[in-house]
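What follows is a single structure, written as structure tokens, with notes after it.
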Amino acid sequence: MTRYRVYLSDVSYFSGKLEAALRAKRIAYERVSVSSDTLLREVLPNTGWMKVPAVRRDDGQWLFDSTPLLRWLDAEHPQRPLLPADPCTAFLSTLVEDYCDEWQWRPAMFWRWAWPDNARYLGSRLGEELSRGTIHPAAGMAVYFRKRQQRIFLRGDGVRAQNFDAIAALYPQALQWLEGLLANRRYLLGDRPSLVDIAWCGPMLRHYAQDPRPAALMAAQAPRVWAWVSRVWNSGEEEWGDGAPDDFSDAAWDPVFADIGKAYLPYLHDNAASVAAGQKRFSGHYGDIAYPDLPAVRYRARCLLTLQRAYESLDPVPRQRVDQRLGNAIVGQLRRRSAAPDLPLIDTALAQARQVTALQRLRFYFAGTPWDSE
Ligand SMILES: N[C@@H](CCC(=O)N[C@@H](CS)C(=O)NCC(=O)O)C(=O)O
């Protein structure tokens, strides 16, 4: 019997990320594809979130949120560790992971939902998955989810005709970065997978490599990335050496850190300021793209604090190495006090059950999960 039941969706960004990690670490698990009913009746009351992936351990404890979950798994199953042991490399990996989760999300949603052909196909897949075993017809759910995702994650996430091409270009740009890194190594930090491979699997696996439109582009323009995605997925079959991962000194990492400094961290600070001010929406320029009317996301204000706490907790020597690698412009933003300093850190994967009222259940059922439910 396996210890873990993983509630997931076959097309989900973060489910793919977690599954890649479980497979790499050779941790057995049972897959449970969610429907709208299981999300509402099992995942929501047990985790407080209507999101996947969520894990139910055989003793009844639930775990959720891929970021703390990966750390929990590495501590619980120390074989084939994903987190680098060196504190400087570990911190830089954490920074890249957060960036992949939160800032690569928009272009990944864009490539899935912005073009009608791809959007119709994914809508059908989601409709089929989420209606299974429920009273809802798959075709109706398909249309509902396509429109809902477009409303929340395109229009509702700053995508407009004026920035359409610039946002589209973020995906081929990321392909170029990874092609550069993979020119000299099988995985992003050497000859076995580590946290950054798993993190980049968020956008690259379930969206870019498996959605028809971006997959065609990946195969044509980035064959090394195409091969790497499968390699990570299949890495449970490989024996890993004990060698330490690379230390991010390769200049091929420069454009990733540059984007973190120029776009992601300024965005995180503005988002935290909006959360602190109680604003629901804000606009900004990040990485030369103008984004109007972005949602203020409380979870991401917690991401900023969590990154800052990890940075402050570094001992002087690794912190100096981090400072040297990132440079003043980025380090200044890690040190600059967040405008929302009192939120809880993202530091545990252990879920607590939540009472869901009949009214909330009804609301979630019809309106879907809020972008940022707490
Ligand atoms: N921070 C969470 C994010 C999980 C998440 O956003 N999952 C998406 C699927 S990839 C979801 O379930 N969304 C539900 C919705 O949008 O209603 C994690 O890392 O696990």
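We label chains A, B, ... in the order they appear in the structure tokens, count residues from 1 in each chain, and number ligands from 1 in the order shown.
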
Could you tell me, counting only C-alpha atoms and all ligand atoms, which protein and nucleic acid residues lie no more than 7 Å from ligand 1, written as an mmCIF file with N, CA and C atoms, in the first residue's frame?
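Heads up, here's the output in out_19.cif:
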data_model
loop_
_atom_site.group_PDB
_atom_site.id
_atom_site.type_symbol
_atom_site.label_atom_id
_atom_site.label_comp_id
_atom_site.auth_asym_id
_atom_site.auth_seq_id
_atom_site.Cartn_x
_atom_site.Cartn_y
_atom_site.Cartn_z
ATOM 1 N N SER A 12 -2.620 19.967 -14.907
ATOM 2 C CA SER A 12 -2.258 21.058 -13.996
ATOM 3 C C SER A 12 -0.755 21.278 -13.822
ATOM 4 N N TYR A 13 -0.412 22.532 -13.910
ATOM 5 C CA TYR A 13 0.957 23.069 -13.722
ATOM 6 C C TYR A 13 1.610 22.501 -12.457
ATOM 7 N N PHE A 14 0.912 22.746 -11.308
ATOM 8 C CA PHE A 14 1.539 22.390 -10.037
ATOM 9 C C PHE A 14 1.417 20.895 -9.749
ATOM 10 N N SER A 15 0.413 20.232 -10.328
ATOM 11 C CA SER A 15 0.353 18.770 -10.173
ATOM 12 C C SER A 15 1.533 18.143 -10.911
ATOM 13 N N MET A 50 -9.183 25.126 -2.721
ATOM 14 C CA MET A 50 -9.745 24.267 -3.769
ATOM 15 C C MET A 50 -8.728 24.194 -4.903
ATOM 16 N N LYS A 51 -7.566 23.719 -4.560
ATOM 17 C CA LYS A 51 -6.493 23.695 -5.559
ATOM 18 C C LYS A 51 -5.797 22.346 -5.532
ATOM 19 N N VAL A 52 -5.203 22.000 -6.654
ATOM 20 C CA VAL A 52 -4.377 20.801 -6.720
ATOM 21 C C VAL A 52 -2.947 21.212 -7.051
ATOM 22 N N PRO A 53 -1.974 20.406 -6.633
ATOM 23 C CA PRO A 53 -2.105 19.111 -5.989
ATOM 24 C C PRO A 53 -2.349 19.242 -4.488
ATOM 25 N N PHE A 64 -0.408 20.193 1.457
ATOM 26 C CA PHE A 64 -0.684 20.931 0.227
ATOM 27 C C PHE A 64 0.321 22.053 0.027
ATOM 28 N N ASP A 65 0.277 22.572 -1.161
ATOM 29 C CA ASP A 65 1.123 23.653 -1.668
ATOM 30 C C ASP A 65 2.491 23.078 -2.042
ATOM 31 N N SER A 66 2.729 22.985 -3.351
ATOM 32 C CA SER A 66 3.914 22.272 -3.830
ATOM 33 C C SER A 66 5.219 22.819 -3.255
ATOM 34 N N THR A 67 5.272 24.110 -2.948
ATOM 35 C CA THR A 67 6.560 24.674 -2.502
ATOM 36 C C THR A 67 6.984 24.116 -1.142
ATOM 37 N N ASP A 101 7.173 29.467 -10.194
ATOM 38 C CA ASP A 101 5.789 29.234 -9.745
ATOM 39 C C ASP A 101 4.908 30.445 -10.022
ATOM 40 N N GLY A 368 -16.599 29.200 -8.554
ATOM 41 C CA GLY A 368 -15.263 28.638 -8.650
ATOM 42 C C GLY A 368 -14.397 29.108 -7.492
ATOM 43 N N THR A 369 -13.141 28.639 -7.494
ATOM 44 C CA THR A 369 -12.223 29.004 -6.409
ATOM 45 C C THR A 369 -11.735 30.415 -6.614
ATOM 46 N N PRO A 370 -11.708 31.209 -5.576
ATOM 47 C CA PRO A 370 -11.087 32.518 -5.745
ATOM 48 C C PRO A 370 -9.619 32.356 -6.127
ATOM 49 N N TRP A 371 -9.078 33.331 -6.828
ATOM 50 C CA TRP A 371 -7.660 33.332 -7.243
ATOM 51 C C TRP A 371 -6.782 33.050 -6.043
#

Sorted by chain and rising residue number, list the residues of range 277-373 of chain A at most 9 Å from range 82-95 of chain A (counting only C-alpha atoms), each with its closest atom pair and distance in Å to one decimal, as JSON lines.
{"residue": "A:Leu307", "atom": "CA", "partner": "A:Leu95", "partner_atom": "CA", "distance": 6.9}
{"residue": "A:Ala310", "atom": "CA", "partner": "A:Phe91", "partner_atom": "CA", "distance": 7.0}
{"residue": "A:Tyr311", "atom": "CA", "partner": "A:Phe91", "partner_atom": "CA", "distance": 7.1}
{"residue": "A:Leu314", "atom": "CA", "partner": "A:Pro87", "partner_atom": "CA", "distance": 7.2}
{"residue": "A:Asp315", "atom": "CA", "partner": "A:Pro87", "partner_atom": "CA", "distance": 8.5}
{"residue": "A:Val317", "atom": "CA", "partner": "A:Cys88", "partner_atom": "CA", "distance": 8.7}
{"residue": "A:Pro318", "atom": "CA", "partner": "A:Cys88", "partner_atom": "CA", "distance": 4.9}
{"residue": "A:Arg319", "atom": "CA", "partner": "A:Cys88", "partner_atom": "CA", "distance": 6.7}
{"residue": "A:Gln320", "atom": "CA", "partner": "A:Cys88", "partner_atom": "CA", "distance": 8.7}
{"residue": "A:Arg321", "atom": "CA", "partner": "A:Cys88", "partner_atom": "CA", "distance": 6.5}
{"residue": "A:Val322", "atom": "CA", "partner": "A:Cys88", "partner_atom": "CA", "distance": 5.8}
{"residue": "A:Leu326", "atom": "CA", "partner": "A:Leu92", "partner_atom": "CA", "distance": 8.9}

Give me the range 260-285 of chain A side of the contact with range 158-177 of chain A, cut-off 12 Å, one line per residue showing its nearest atom pair and distance in Å at one decimal, counting only C-alpha atoms, sorted by chain and residue number, as a tab-separated table.
residue	atom	partner	partner_atom	distance
A:Ala263	CA	A:Leu170	CA	11.8
A:Arg281	CA	A:Gly158	CA	10.1
A:Phe282	CA	A:Gly158	CA	9.6
A:Ser283	CA	A:Gly158	CA	8.1
A:Gly284	CA	A:Gly158	CA	9.4
A:His285	CA	A:Gly158	CA	10.7

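Within the 8 Å cut-off around range 196-198 of chain A, using only C-alpha atoms and omitting residues fewer than 3 positions from it on the same chain, the listed residues are Lys17, Leu18, Ala20, Ala21, Ser93, Thr94, Val96, Glu97, Tyr187, Leu188, Leu189, Pro193, Cys201, Gly202 and Val232 of chain A.
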
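Closest approach to Tyr286 in chain A among A:Asp372, A:Asp323, A:Asp259, A:Glu76 is made by A:Asp259 (distances from only C-alpha atoms).
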
Find the residues near Ala339 in chain A: any atom within 10 Å, counting only C-alpha atoms, skip ones fewer than 6 places away on the same chain, and give them as an mmCIF file with C-alpha atoms, in the first residue's frame.
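The result, stored in out_2.cif:
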data_model
loop_
_atom_site.group_PDB
_atom_site.id
_atom_site.type_symbol
_atom_site.label_atom_id
_atom_site.label_comp_id
_atom_site.auth_asym_id
_atom_site.auth_seq_id
_atom_site.Cartn_x
_atom_site.Cartn_y
_atom_site.Cartn_z
ATOM 1 C CA HIS A 269 7.074 44.588 -3.852
ATOM 2 C CA ASP A 270 4.280 46.454 -5.652
ATOM 3 C CA ASN A 271 1.929 43.553 -5.024
ATOM 4 C CA ALA A 272 2.807 43.579 -1.306
ATOM 5 C CA ALA A 273 2.211 47.345 -1.184
ATOM 6 C CA SER A 274 -1.238 46.882 -2.721
ATOM 7 C CA VAL A 275 -2.076 44.073 -0.320
ATOM 8 C CA ALA A 276 -0.938 46.253 2.606
ATOM 9 C CA ALA A 277 -3.049 49.162 1.366
ATOM 10 C CA ALA A 301 2.952 38.931 -0.560
ATOM 11 C CA LEU A 305 8.322 37.630 2.939
#

ask   = Can you list, as a ChimeraX atom specification, every protein, DNA or RNA residue that comes within 10 Å of Val34 in chain A when you count only C-alpha atoms, leaving out same-chain residues fewer than 2 positions away?
value = /A:6-10,31-32,36-40,42-43,51-53,129-133

For the structure I just gave you, how does DSSP split range 68-241 of chain A - specifically, which residues are helix (DSSP H, G or I)? Reply as a PDB file with C-alpha atoms, in the first residue's frame.
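So selection-v6.pdb came out as:
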ATOM      1  CA  PRO A  68       6.568  23.620   1.178  1.00  0.00           C
ATOM      2  CA  LEU A  69       5.561  20.093   0.088  1.00  0.00           C
ATOM      3  CA  LEU A  70       8.812  19.586  -1.814  1.00  0.00           C
ATOM      4  CA  ARG A  71      10.761  20.575   1.292  1.00  0.00           C
ATOM      5  CA  TRP A  72       8.658  18.301   3.455  1.00  0.00           C
ATOM      6  CA  LEU A  73       9.227  15.387   1.055  1.00  0.00           C
ATOM      7  CA  ASP A  74      12.976  15.915   1.029  1.00  0.00           C
ATOM      8  CA  ALA A  75      13.045  15.906   4.836  1.00  0.00           C
ATOM      9  CA  GLU A  76      10.757  12.880   5.131  1.00  0.00           C
ATOM     10  CA  PRO A  87      23.144  26.978   1.510  1.00  0.00           C
ATOM     11  CA  CYS A  88      24.009  29.478  -1.236  1.00  0.00           C
ATOM     12  CA  THR A  89      22.916  27.080  -4.009  1.00  0.00           C
ATOM     13  CA  ALA A  90      19.825  26.166  -1.978  1.00  0.00           C
ATOM     14  CA  PHE A  91      18.799  29.806  -1.607  1.00  0.00           C
ATOM     15  CA  LEU A  92      19.315  30.574  -5.295  1.00  0.00           C
ATOM     16  CA  SER A  93      17.270  27.458  -6.145  1.00  0.00           C
ATOM     17  CA  THR A  94      14.476  28.647  -3.862  1.00  0.00           C
ATOM     18  CA  LEU A  95      14.479  32.028  -5.583  1.00  0.00           C
ATOM     19  CA  VAL A  96      14.275  30.423  -9.022  1.00  0.00           C
ATOM     20  CA  GLU A  97      11.513  28.100  -7.826  1.00  0.00           C
ATOM     21  CA  ASP A  98       9.403  30.982  -6.584  1.00  0.00           C
ATOM     22  CA  TYR A  99       9.933  32.841  -9.850  1.00  0.00           C
ATOM     23  CA  CYS A 100       8.903  29.773 -11.881  1.00  0.00           C
ATOM     24  CA  ASP A 101       5.789  29.234  -9.745  1.00  0.00           C
ATOM     25  CA  GLU A 102       4.525  32.788  -9.684  1.00  0.00           C
ATOM     26  CA  TRP A 105       2.564  31.283 -14.496  1.00  0.00           C
ATOM     27  CA  ARG A 106       1.099  34.144 -16.578  1.00  0.00           C
ATOM     28  CA  PRO A 107       2.826  33.242 -19.869  1.00  0.00           C
ATOM     29  CA  ALA A 108       1.984  29.575 -19.285  1.00  0.00           C
ATOM     30  CA  MET A 109      -1.685  30.430 -18.782  1.00  0.00           C
ATOM     31  CA  PHE A 110      -1.461  32.769 -21.772  1.00  0.00           C
ATOM     32  CA  TRP A 111      -0.142  30.079 -24.110  1.00  0.00           C
ATOM     33  CA  ARG A 112      -2.883  27.752 -22.922  1.00  0.00           C
ATOM     34  CA  TRP A 113      -5.856  30.106 -23.112  1.00  0.00           C
ATOM     35  CA  PRO A 116      -9.007  29.626 -29.571  1.00  0.00           C
ATOM     36  CA  ASP A 117      -7.666  26.307 -30.925  1.00  0.00           C
ATOM     37  CA  ASN A 118      -5.556  25.523 -27.883  1.00  0.00           C
ATOM     38  CA  ALA A 119      -8.154  26.945 -25.490  1.00  0.00           C
ATOM     39  CA  ARG A 120     -10.945  24.797 -26.926  1.00  0.00           C
ATOM     40  CA  TYR A 121      -8.875  21.652 -26.627  1.00  0.00           C
ATOM     41  CA  LEU A 122      -7.810  22.357 -23.047  1.00  0.00           C
ATOM     42  CA  GLY A 123     -11.330  23.412 -22.125  1.00  0.00           C
ATOM     43  CA  SER A 124     -12.585  20.018 -23.348  1.00  0.00           C
ATOM     44  CA  ARG A 125      -9.925  18.164 -21.381  1.00  0.00           C
ATOM     45  CA  LEU A 126     -10.731  20.074 -18.210  1.00  0.00           C
ATOM     46  CA  GLY A 127     -14.463  19.706 -18.781  1.00  0.00           C
ATOM     47  CA  GLU A 128     -14.059  15.954 -19.190  1.00  0.00           C
ATOM     48  CA  GLU A 129     -11.842  15.627 -16.099  1.00  0.00           C
ATOM     49  CA  LEU A 130     -13.812  17.834 -13.763  1.00  0.00           C
ATOM     50  CA  SER A 131     -17.264  16.548 -14.706  1.00  0.00           C
ATOM     51  CA  ALA A 138     -18.649  17.646 -19.813  1.00  0.00           C
ATOM     52  CA  ALA A 139     -19.418  19.967 -22.731  1.00  0.00           C
ATOM     53  CA  GLY A 140     -20.962  22.581 -20.456  1.00  0.00           C
ATOM     54  CA  MET A 141     -18.056  22.406 -18.028  1.00  0.00           C
ATOM     55  CA  ALA A 142     -15.638  22.764 -20.949  1.00  0.00           C
ATOM     56  CA  VAL A 143     -17.147  26.077 -21.986  1.00  0.00           C
ATOM     57  CA  TYR A 144     -17.480  27.251 -18.396  1.00  0.00           C
ATOM     58  CA  PHE A 145     -13.819  26.578 -17.573  1.00  0.00           C
ATOM     59  CA  ARG A 146     -12.466  28.026 -20.815  1.00  0.00           C
ATOM     60  CA  LYS A 147     -14.305  31.281 -20.202  1.00  0.00           C
ATOM     61  CA  ARG A 148     -13.485  31.320 -16.510  1.00  0.00           C
ATOM     62  CA  GLN A 149      -9.752  30.804 -17.047  1.00  0.00           C
ATOM     63  CA  GLN A 150      -9.678  33.456 -19.767  1.00  0.00           C
ATOM     64  CA  ARG A 151     -11.506  35.904 -17.530  1.00  0.00           C
ATOM     65  CA  ILE A 152      -9.326  35.335 -14.457  1.00  0.00           C
ATOM     66  CA  PHE A 153      -5.911  34.569 -15.931  1.00  0.00           C
ATOM     67  CA  ARG A 155      -8.009  39.735 -18.893  1.00  0.00           C
ATOM     68  CA  GLY A 156      -7.990  39.534 -15.088  1.00  0.00           C
ATOM     69  CA  ASP A 157      -4.204  39.179 -15.021  1.00  0.00           C
ATOM     70  CA  ALA A 161      -4.145  43.683 -26.988  1.00  0.00           C
ATOM     71  CA  GLN A 162      -1.257  46.142 -26.357  1.00  0.00           C
ATOM     72  CA  ASN A 163       0.896  43.640 -24.449  1.00  0.00           C
ATOM     73  CA  PHE A 164      -0.282  40.473 -26.217  1.00  0.00           C
ATOM     74  CA  ASP A 165       2.853  39.983 -28.350  1.00  0.00           C
ATOM     75  CA  ALA A 166       5.225  40.872 -25.528  1.00  0.00           C
ATOM     76  CA  ILE A 167       3.624  38.341 -23.183  1.00  0.00           C
ATOM     77  CA  ALA A 168       3.594  35.711 -25.951  1.00  0.00           C
ATOM     78  CA  LEU A 170       8.092  35.307 -22.779  1.00  0.00           C
ATOM     79  CA  TYR A 171       7.765  31.615 -23.587  1.00  0.00           C
ATOM     80  CA  PRO A 172      10.239  31.427 -26.504  1.00  0.00           C
ATOM     81  CA  GLN A 173      12.552  33.548 -24.380  1.00  0.00           C
ATOM     82  CA  ALA A 174      12.426  31.003 -21.546  1.00  0.00           C
ATOM     83  CA  LEU A 175      13.057  28.226 -24.086  1.00  0.00           C
ATOM     84  CA  GLN A 176      16.192  30.038 -25.194  1.00  0.00           C
ATOM     85  CA  TRP A 177      17.452  30.359 -21.628  1.00  0.00           C
ATOM     86  CA  LEU A 178      16.961  26.655 -20.943  1.00  0.00           C
ATOM     87  CA  GLU A 179      18.475  25.656 -24.295  1.00  0.00           C
ATOM     88  CA  GLY A 180      21.574  27.592 -23.259  1.00  0.00           C
ATOM     89  CA  LEU A 181      21.779  25.849 -19.894  1.00  0.00           C
ATOM     90  CA  LEU A 182      21.172  22.410 -21.375  1.00  0.00           C
ATOM     91  CA  LEU A 195      14.851  21.659  -7.284  1.00  0.00           C
ATOM     92  CA  VAL A 196      15.281  23.993 -10.267  1.00  0.00           C
ATOM     93  CA  ASP A 197      14.473  21.216 -12.749  1.00  0.00           C
ATOM     94  CA  ILE A 198      11.306  20.452 -10.821  1.00  0.00           C
ATOM     95  CA  ALA A 199      10.433  24.155 -10.629  1.00  0.00           C
ATOM     96  CA  TRP A 200      10.842  24.719 -14.373  1.00  0.00           C
ATOM     97  CA  CYS A 201       8.661  21.651 -14.927  1.00  0.00           C
ATOM     98  CA  GLY A 202       5.774  23.816 -13.639  1.00  0.00           C
ATOM     99  CA  PRO A 203       5.407  25.767 -16.882  1.00  0.00           C
ATOM    100  CA  MET A 204       7.401  23.454 -19.150  1.00  0.00           C
ATOM    101  CA  LEU A 205       5.742  20.096 -18.500  1.00  0.00           C
ATOM    102  CA  ARG A 206       1.967  20.289 -18.367  1.00  0.00           C
ATOM    103  CA  HIS A 207       1.565  23.511 -20.306  1.00  0.00           C
ATOM    104  CA  TYR A 208       4.378  23.985 -22.809  1.00  0.00           C
ATOM    105  CA  ALA A 209       5.352  20.383 -23.566  1.00  0.00           C
ATOM    106  CA  PRO A 212      -0.587  21.372 -28.630  1.00  0.00           C
ATOM    107  CA  ARG A 213       0.374  24.923 -29.597  1.00  0.00           C
ATOM    108  CA  PRO A 214       3.388  25.491 -27.339  1.00  0.00           C
ATOM    109  CA  ALA A 215       4.492  21.852 -27.696  1.00  0.00           C
ATOM    110  CA  ALA A 216       4.934  22.277 -31.433  1.00  0.00           C
ATOM    111  CA  LEU A 217       7.093  25.323 -30.800  1.00  0.00           C
ATOM    112  CA  MET A 218       9.198  23.535 -28.204  1.00  0.00           C
ATOM    113  CA  ALA A 219       9.881  20.597 -30.505  1.00  0.00           C
ATOM    114  CA  ALA A 220      10.811  22.923 -33.370  1.00  0.00           C
ATOM    115  CA  GLN A 221      12.869  25.529 -31.538  1.00  0.00           C
ATOM    116  CA  PRO A 223      14.815  20.215 -28.886  1.00  0.00           C
ATOM    117  CA  ARG A 224      17.095  20.078 -25.847  1.00  0.00           C
ATOM    118  CA  VAL A 225      14.280  21.362 -23.633  1.00  0.00           C
ATOM    119  CA  TRP A 226      11.895  18.902 -25.270  1.00  0.00           C
ATOM    120  CA  ALA A 227      14.276  16.049 -24.386  1.00  0.00           C
ATOM    121  CA  TRP A 228      14.969  17.427 -20.878  1.00  0.00           C
ATOM    122  CA  VAL A 229      11.259  17.506 -19.942  1.00  0.00           C
ATOM    123  CA  SER A 230      11.012  13.771 -20.649  1.00  0.00           C
ATOM    124  CA  ARG A 231      14.348  13.150 -18.960  1.00  0.00           C
ATOM    125  CA  VAL A 232      13.146  14.768 -15.723  1.00  0.00           C
ATOM    126  CA  TRP A 233       9.870  12.838 -15.920  1.00  0.00           C
ATOM    127  CA  SER A 235      14.638  10.373 -13.923  1.00  0.00           C
ATOM    128  CA  GLY A 236      13.336   7.842 -11.384  1.00  0.00           C
ATOM    129  CA  GLU A 237      14.889   5.220 -13.663  1.00  0.00           C
TER     130      GLU A 237
END

task = Would you list, as number ranges by chain, the residues of range 4-163 of chain A that end up in strand (DSSP E or B) under DSSP run on this structure's backbone?
result = A: 4-8, 30-33, 54-57, 62-64

Selected residues written out with C-alpha atoms, as a PDB file, in the first residue's frame:
ATOM      1  CA  TYR A   4       0.247   8.907  -0.345  1.00  0.00           C
ATOM      2  CA  ARG A   5      -2.850   9.637  -2.357  1.00  0.00           C
ATOM      3  CA  VAL A   6      -2.165  12.612  -4.588  1.00  0.00           C
ATOM      4  CA  TYR A   7      -5.229  14.611  -5.637  1.00  0.00           C
ATOM      5  CA  LEU A   8      -4.304  16.102  -8.960  1.00  0.00           C
ATOM      6  CA  GLU A  30      -1.685   6.779  -5.899  1.00  0.00           C
ATOM      7  CA  ARG A  31      -3.081   9.246  -8.426  1.00  0.00           C
ATOM      8  CA  VAL A  32      -6.560  10.612  -7.778  1.00  0.00           C
ATOM      9  CA  SER A  33      -7.833  12.753 -10.651  1.00  0.00           C
ATOM     10  CA  ALA A  54      -3.085  18.044  -2.487  1.00  0.00           C
ATOM     11  CA  VAL A  55      -1.813  14.964  -0.725  1.00  0.00           C
ATOM     12  CA  ARG A  56      -3.593  12.688   1.718  1.00  0.00           C
ATOM     13  CA  ARG A  57      -1.249  10.638   3.835  1.00  0.00           C
ATOM     14  CA  TRP A  62      -3.399  16.274   4.405  1.00  0.00           C
ATOM     15  CA  LEU A  63      -0.544  18.215   2.838  1.00  0.00           C
ATOM     16  CA  PHE A  64      -0.684  20.931   0.227  1.00  0.00           C
TER      17      PHE A  64
END

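Nearest-residue note for Gln324 in chain A: choosing from A:Pro45, A:Gln210, A:Gln104, A:Phe248, the minimum distance belongs to A:Phe248, counting only C-alpha atoms.
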
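When CA of Ala114 in chain A is paired with CA of Phe366 in chain A, their separation reads 23.5 Å.
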
key: Non-local contacts of Gly261 in chain A (12 Å; only C-alpha atoms; under 2 positions in same chain excluded) as a PyMOL selection string   = chain A and resi 95-96+99+103+254-259+263-269+286-287+326-334

Restrict the selected residues to N, CA and C atoms and save them as a CSV table (one decimal), in the first residue's frame.
chain,number,residue,atom,x,y,z
A,95,LEU,N,14.9,30.8,-4.9
A,95,LEU,CA,14.5,32.0,-5.6
A,95,LEU,C,14.0,31.7,-7.0
A,96,VAL,N,14.7,30.8,-7.7
A,96,VAL,CA,14.3,30.4,-9.0
A,96,VAL,C,12.9,29.7,-9.0
A,99,TYR,N,10.1,32.1,-8.6
A,99,TYR,CA,9.9,32.8,-9.9
A,99,TYR,C,9.2,32.0,-10.9
A,103,TRP,N,5.9,33.8,-11.5
A,103,TRP,CA,6.0,34.7,-12.6
A,103,TRP,C,6.0,34.1,-14.0
A,254,ASP,N,22.5,34.0,-16.1
A,254,ASP,CA,22.3,35.5,-16.0
A,254,ASP,C,21.0,36.0,-16.4
A,255,PRO,N,20.4,35.6,-17.6
A,255,PRO,CA,19.1,36.2,-18.0
A,255,PRO,C,18.0,35.8,-17.0
A,256,VAL,N,18.1,34.6,-16.4
A,256,VAL,CA,17.0,34.3,-15.5
A,256,VAL,C,17.1,35.2,-14.3
A,257,PHE,N,18.3,35.4,-13.7
A,257,PHE,CA,18.4,36.3,-12.6
A,257,PHE,C,18.1,37.7,-13.0
A,258,ALA,N,18.5,38.1,-14.2
A,258,ALA,CA,18.2,39.5,-14.6
A,258,ALA,C,16.6,39.7,-14.6
A,259,ASP,N,15.9,38.7,-15.1
A,259,ASP,CA,14.4,38.9,-15.1
A,259,ASP,C,13.8,38.9,-13.7
A,263,ALA,N,11.9,42.3,-13.3
A,263,ALA,CA,10.5,42.1,-13.4
A,263,ALA,C,9.9,41.5,-12.1
A,264,TYR,N,10.4,40.4,-11.7
A,264,TYR,CA,9.6,39.7,-10.6
A,264,TYR,C,9.7,40.3,-9.3
A,265,LEU,N,10.9,40.7,-8.8
A,265,LEU,CA,11.0,41.3,-7.5
A,265,LEU,C,10.3,42.7,-7.4
A,266,PRO,N,10.4,43.5,-8.4
A,266,PRO,CA,9.7,44.8,-8.4
A,266,PRO,C,8.1,44.5,-8.3
A,267,TYR,N,7.7,43.5,-9.1
A,267,TYR,CA,6.3,43.1,-9.1
A,267,TYR,C,5.9,42.7,-7.6
A,268,LEU,N,6.7,41.8,-7.0
A,268,LEU,CA,6.4,41.3,-5.7
A,268,LEU,C,6.3,42.5,-4.7
A,269,HIS,N,7.2,43.5,-4.8
A,269,HIS,CA,7.1,44.6,-3.9
A,269,HIS,C,5.8,45.4,-4.1
A,286,TYR,N,6.7,45.8,-15.7
A,286,TYR,CA,7.6,44.9,-15.2
A,286,TYR,C,8.4,44.2,-16.4
A,287,GLY,N,9.7,44.3,-16.4
A,287,GLY,CA,10.5,43.8,-17.5
A,287,GLY,C,10.0,44.4,-18.8
A,326,LEU,N,24.2,37.6,-7.3
A,326,LEU,CA,23.0,38.3,-7.8
A,326,LEU,C,23.3,39.8,-8.1
A,327,GLY,N,24.2,40.4,-7.4
A,327,GLY,CA,24.5,41.8,-7.6
A,327,GLY,C,23.6,42.7,-6.8
A,328,ASN,N,24.0,44.0,-6.7
A,328,ASN,CA,23.3,44.9,-5.8
A,328,ASN,C,21.9,45.1,-6.1
A,329,ALA,N,21.5,45.2,-7.4
A,329,ALA,CA,20.2,45.6,-7.8
A,329,ALA,C,19.2,44.5,-7.2
A,330,ILE,N,19.5,43.3,-7.3
A,330,ILE,CA,18.6,42.2,-6.9
A,330,ILE,C,18.7,42.1,-5.3
A,331,VAL,N,19.9,42.2,-4.8
A,331,VAL,CA,20.0,42.0,-3.3
A,331,VAL,C,19.3,43.2,-2.6
A,332,GLY,N,19.4,44.4,-3.2
A,332,GLY,CA,18.7,45.5,-2.6
A,332,GLY,C,17.2,45.2,-2.4
A,333,GLN,N,16.7,44.5,-3.4
A,333,GLN,CA,15.2,44.2,-3.3
A,333,GLN,C,14.9,43.1,-2.3
A,334,LEU,N,15.9,42.2,-2.1
A,334,LEU,CA,15.7,41.2,-1.1
A,334,LEU,C,15.8,41.8,0.3

remark   = Closest of A:Glu239, A:Ser35, A:Arg354, A:Leu154 to Asp191 in chain A, counting only C-alpha atoms, is A:Glu239

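Between CA of Asn184 in chain A and CA of Glu19 in chain A the interatomic distance comes to 25.9 Å.
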
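Distance-wise, CA of Arg192 in chain A and CA of Ala251 in chain A end up 19.6 Å apart.
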
inquiry  = Excluding Arg3 in chain A and its own-chain neighbours fewer than 5 positions away, which residues fall within 8 Å of it when counting only C-alpha atoms? Please give them as a list in words.
reply    = Ala28, Tyr29, Arg57 and Asp58 of chain A
